[in-house]
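Visitor: Here it is, the structure in full.
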Amino acid sequence: MFTNPTPDQLRSLLQEVRTIAVVGLSPRPERPSYRVSRAMQGFGYRIVPVRPAVSEVLGEKAYPRLSDIPFPVDLVDVFRAADEVGPIVDECIALGVRRIWLQDGVINLDAAERARAAGITVVMDRCVWRDYMDLIP
């Protein structure tokens, strides 16, 4: 049975994180990934787009894969279909990522449990922007 971190744990996570790699960040302003990432950028987070075939989004250089990012990230935020989460989790495990956030509607219990077993904090089926607004004064 999967349980998300408590509100206090989520608050701590959001206060510790500074750099967020956003897997599936669209360059289209009408897309949820763009709106959420732009809002988080406005709150002071560095957003790192992870999307093949795009050179930049929100003024930041984009990378085809997490493993192409030449510096550590504090959180991986996933805007991809649930059936695409497994390989993303595998990459996070290989890279030693400590936190992964699966946005609203992205639910993959097997991948989440595999990530947790590897010591990764997992947030699933929640919106990072909404939680930021609800938890950070």
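By convention in this document, the chains of the structure tokens carry letters A, B, ... by their order, each chain's residues are numbered from 1, and ligands are numbered from 1 in the order they are shown.
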Among chain A, which ones does DSSP assign to strand (DSSP E or B) (computed from the backbone)? Answer as a list in words.
Guide: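 Written out, the strand (DSSP E or B) residues of chain A are Thr19, Ile20, Ala21, Val22, Val23, Arg46, Ile47, Val48, Pro49, Val50, Glu56, Val57, Glu60, Lys61, Tyr63, Leu75, Val76, Asp77, Val78, Arg99, Ile100, Trp101, Leu102, Thr121, Val122, Val123 and Met124 of chain A.
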Visitor: Residues of range 46-87 of chain A that approach range 7-20 of chain A to 8 Å or less, counting only C-alpha atoms: could you list each one with the shortest pair of atoms and its distance in Å to one decimal, rows by chain and increasing residue number, as a tab-separated table?
Guide:
residue	atom	partner	partner_atom	distance
A:Arg46	CA	A:Thr19	CA	4.7
A:Ile47	CA	A:Ile20	CA	5.0
A:Val48	CA	A:Ile20	CA	6.0
A:Val73	CA	A:Thr19	CA	5.2
A:Asp74	CA	A:Thr19	CA	5.2
A:Leu75	CA	A:Ile20	CA	4.8
A:Val76	CA	A:Ile20	CA	5.8
A:Asp77	CA	A:Ile20	CA	6.7
Visitor: Neighbours of range 88-95 of chain A within 12 Å (only C-alpha atoms; same-chain residues fewer than 6 positions away dropped), as a VMD selection string?
Guide: chain A and resid 21 to 24 50 65 to 82 101 to 102 108 to 122
Visitor: Once DSSP has gone over the backbone, tell me which residues of chain A are in helix (DSSP H, G or I), as a VMD selection string.
Guide: chain A and resid 7 to 16 32 to 42 66 to 68 82 to 95 109 to 117 128 to 135
Visitor: Under the rule that only C-alpha atoms are counted, which of A:Pro64, A:Cys127, A:Gly86, A:Phe43 is the nearest residue to Gly105 in chain A?
Guide: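 With only C-alpha atoms as the atom set, the closest residue is A:Cys127.
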Visitor: Determine, counting only C-alpha atoms, which protein, DNA and RNA residues have an atom within 7 Å of an atom of Val57 in chain A; residues of the same chain fewer than 5 positions away are not included. Present the result as a PyMOL selection string.
Guide: chain A and resi 27+49+62
Visitor: What's the separation between CA of Asp104 in chain A and CA of Ala39 in chain A, in Å to one decimal place?
Guide: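 We find that CA of Asp104 in chain A and CA of Ala39 in chain A lie 15.8 Å from each other.
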Visitor: Quick one, how far is CA of Arg35 in chain A from CA of Gln103 in chain A?
Guide: 12.7 Å
Visitor: So that I can see what lies close to Arg28 in chain A, please list as a tab-separated table (two decimals) with all heavy atoms, in the first residue's frame the residues with an atom at most 12 Å from it, counting only C-alpha atoms and leaving out residues fewer than 6 positions away in the same chain.
Guide:
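For reference, selection02.tsv as written:
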chain	number	residue	atom	x	y	z
A	34	TYR	N	4.33	23.15	-18.27
A	34	TYR	CA	4.89	24.49	-18.44
A	34	TYR	C	4.40	25.43	-17.34
A	34	TYR	O	5.18	26.14	-16.72
A	34	TYR	CB	4.52	25.04	-19.82
A	34	TYR	CG	5.15	26.37	-20.15
A	34	TYR	CD1	6.34	26.42	-20.89
A	34	TYR	CD2	4.58	27.57	-19.73
A	34	TYR	CE1	6.93	27.64	-21.20
A	34	TYR	CE2	5.17	28.79	-20.03
A	34	TYR	CZ	6.34	28.81	-20.77
A	34	TYR	OH	6.93	30.03	-21.06
A	35	ARG	N	3.09	25.41	-17.11
A	35	ARG	CA	2.50	26.32	-16.10
A	35	ARG	C	3.04	26.02	-14.70
A	35	ARG	O	3.40	26.93	-13.96
A	35	ARG	CB	0.98	26.22	-16.13
A	35	ARG	CG	0.38	26.82	-17.40
A	35	ARG	CD	-1.13	27.02	-17.32
A	35	ARG	NE	-1.85	25.92	-16.70
A	35	ARG	CZ	-2.38	24.88	-17.37
A	35	ARG	NH1	-2.25	24.81	-18.68
A	35	ARG	NH2	-3.05	23.95	-16.74
A	36	VAL	N	3.09	24.75	-14.34
A	36	VAL	CA	3.59	24.36	-13.01
A	36	VAL	C	5.06	24.73	-12.89
A	36	VAL	O	5.48	25.32	-11.88
A	36	VAL	CB	3.37	22.85	-12.77
A	36	VAL	CG1	4.14	22.38	-11.55
A	36	VAL	CG2	1.88	22.55	-12.62
A	37	SER	N	5.85	24.43	-13.90
A	37	SER	CA	7.29	24.73	-13.85
A	37	SER	C	7.56	26.23	-13.81
A	37	SER	O	8.43	26.69	-13.05
A	37	SER	CB	8.00	24.10	-15.05
A	37	SER	OG	7.88	22.69	-14.99
A	38	ARG	N	6.80	27.00	-14.57
A	38	ARG	CA	6.96	28.45	-14.56
A	38	ARG	C	6.63	29.00	-13.16
A	38	ARG	O	7.33	29.87	-12.64
A	38	ARG	CB	6.07	29.11	-15.61
A	38	ARG	CG	6.27	30.64	-15.67
A	38	ARG	CD	5.36	31.30	-16.65
A	38	ARG	NE	3.99	31.07	-16.21
A	38	ARG	CZ	2.94	30.96	-17.02
A	38	ARG	NH1	3.10	31.07	-18.32
A	38	ARG	NH2	1.73	30.74	-16.56
A	54	VAL	N	14.27	19.43	-27.75
A	54	VAL	CA	14.01	20.81	-27.35
A	54	VAL	C	15.32	21.36	-26.81
A	54	VAL	O	15.99	20.72	-26.02
A	54	VAL	CB	12.91	20.88	-26.26
A	54	VAL	CG1	12.74	22.27	-25.74
A	54	VAL	CG2	11.59	20.35	-26.80
A	56	GLU	N	15.68	24.51	-25.25
A	56	GLU	CA	15.48	25.20	-23.98
A	56	GLU	C	14.00	25.42	-23.73
A	56	GLU	O	13.19	25.45	-24.66
A	56	GLU	CB	16.25	26.51	-23.91
A	56	GLU	CG	15.63	27.67	-24.64
A	56	GLU	CD	16.32	29.00	-24.30
A	56	GLU	OE1	17.55	29.02	-24.16
A	56	GLU	OE2	15.60	30.00	-24.18
A	57	VAL	N	13.66	25.53	-22.44
A	57	VAL	CA	12.31	25.86	-22.00
A	57	VAL	C	12.45	26.77	-20.79
A	57	VAL	O	13.31	26.54	-19.93
A	57	VAL	CB	11.50	24.59	-21.63
A	57	VAL	CG1	10.08	24.96	-21.21
A	57	VAL	CG2	11.48	23.58	-22.76
A	58	LEU	N	11.64	27.79	-20.74
A	58	LEU	CA	11.65	28.74	-19.61
A	58	LEU	C	13.03	29.36	-19.39
A	58	LEU	O	13.44	29.64	-18.26
A	58	LEU	CB	11.16	28.07	-18.32
A	58	LEU	CG	9.68	27.65	-18.32
A	58	LEU	CD1	9.38	26.76	-17.13
A	58	LEU	CD2	8.78	28.89	-18.31
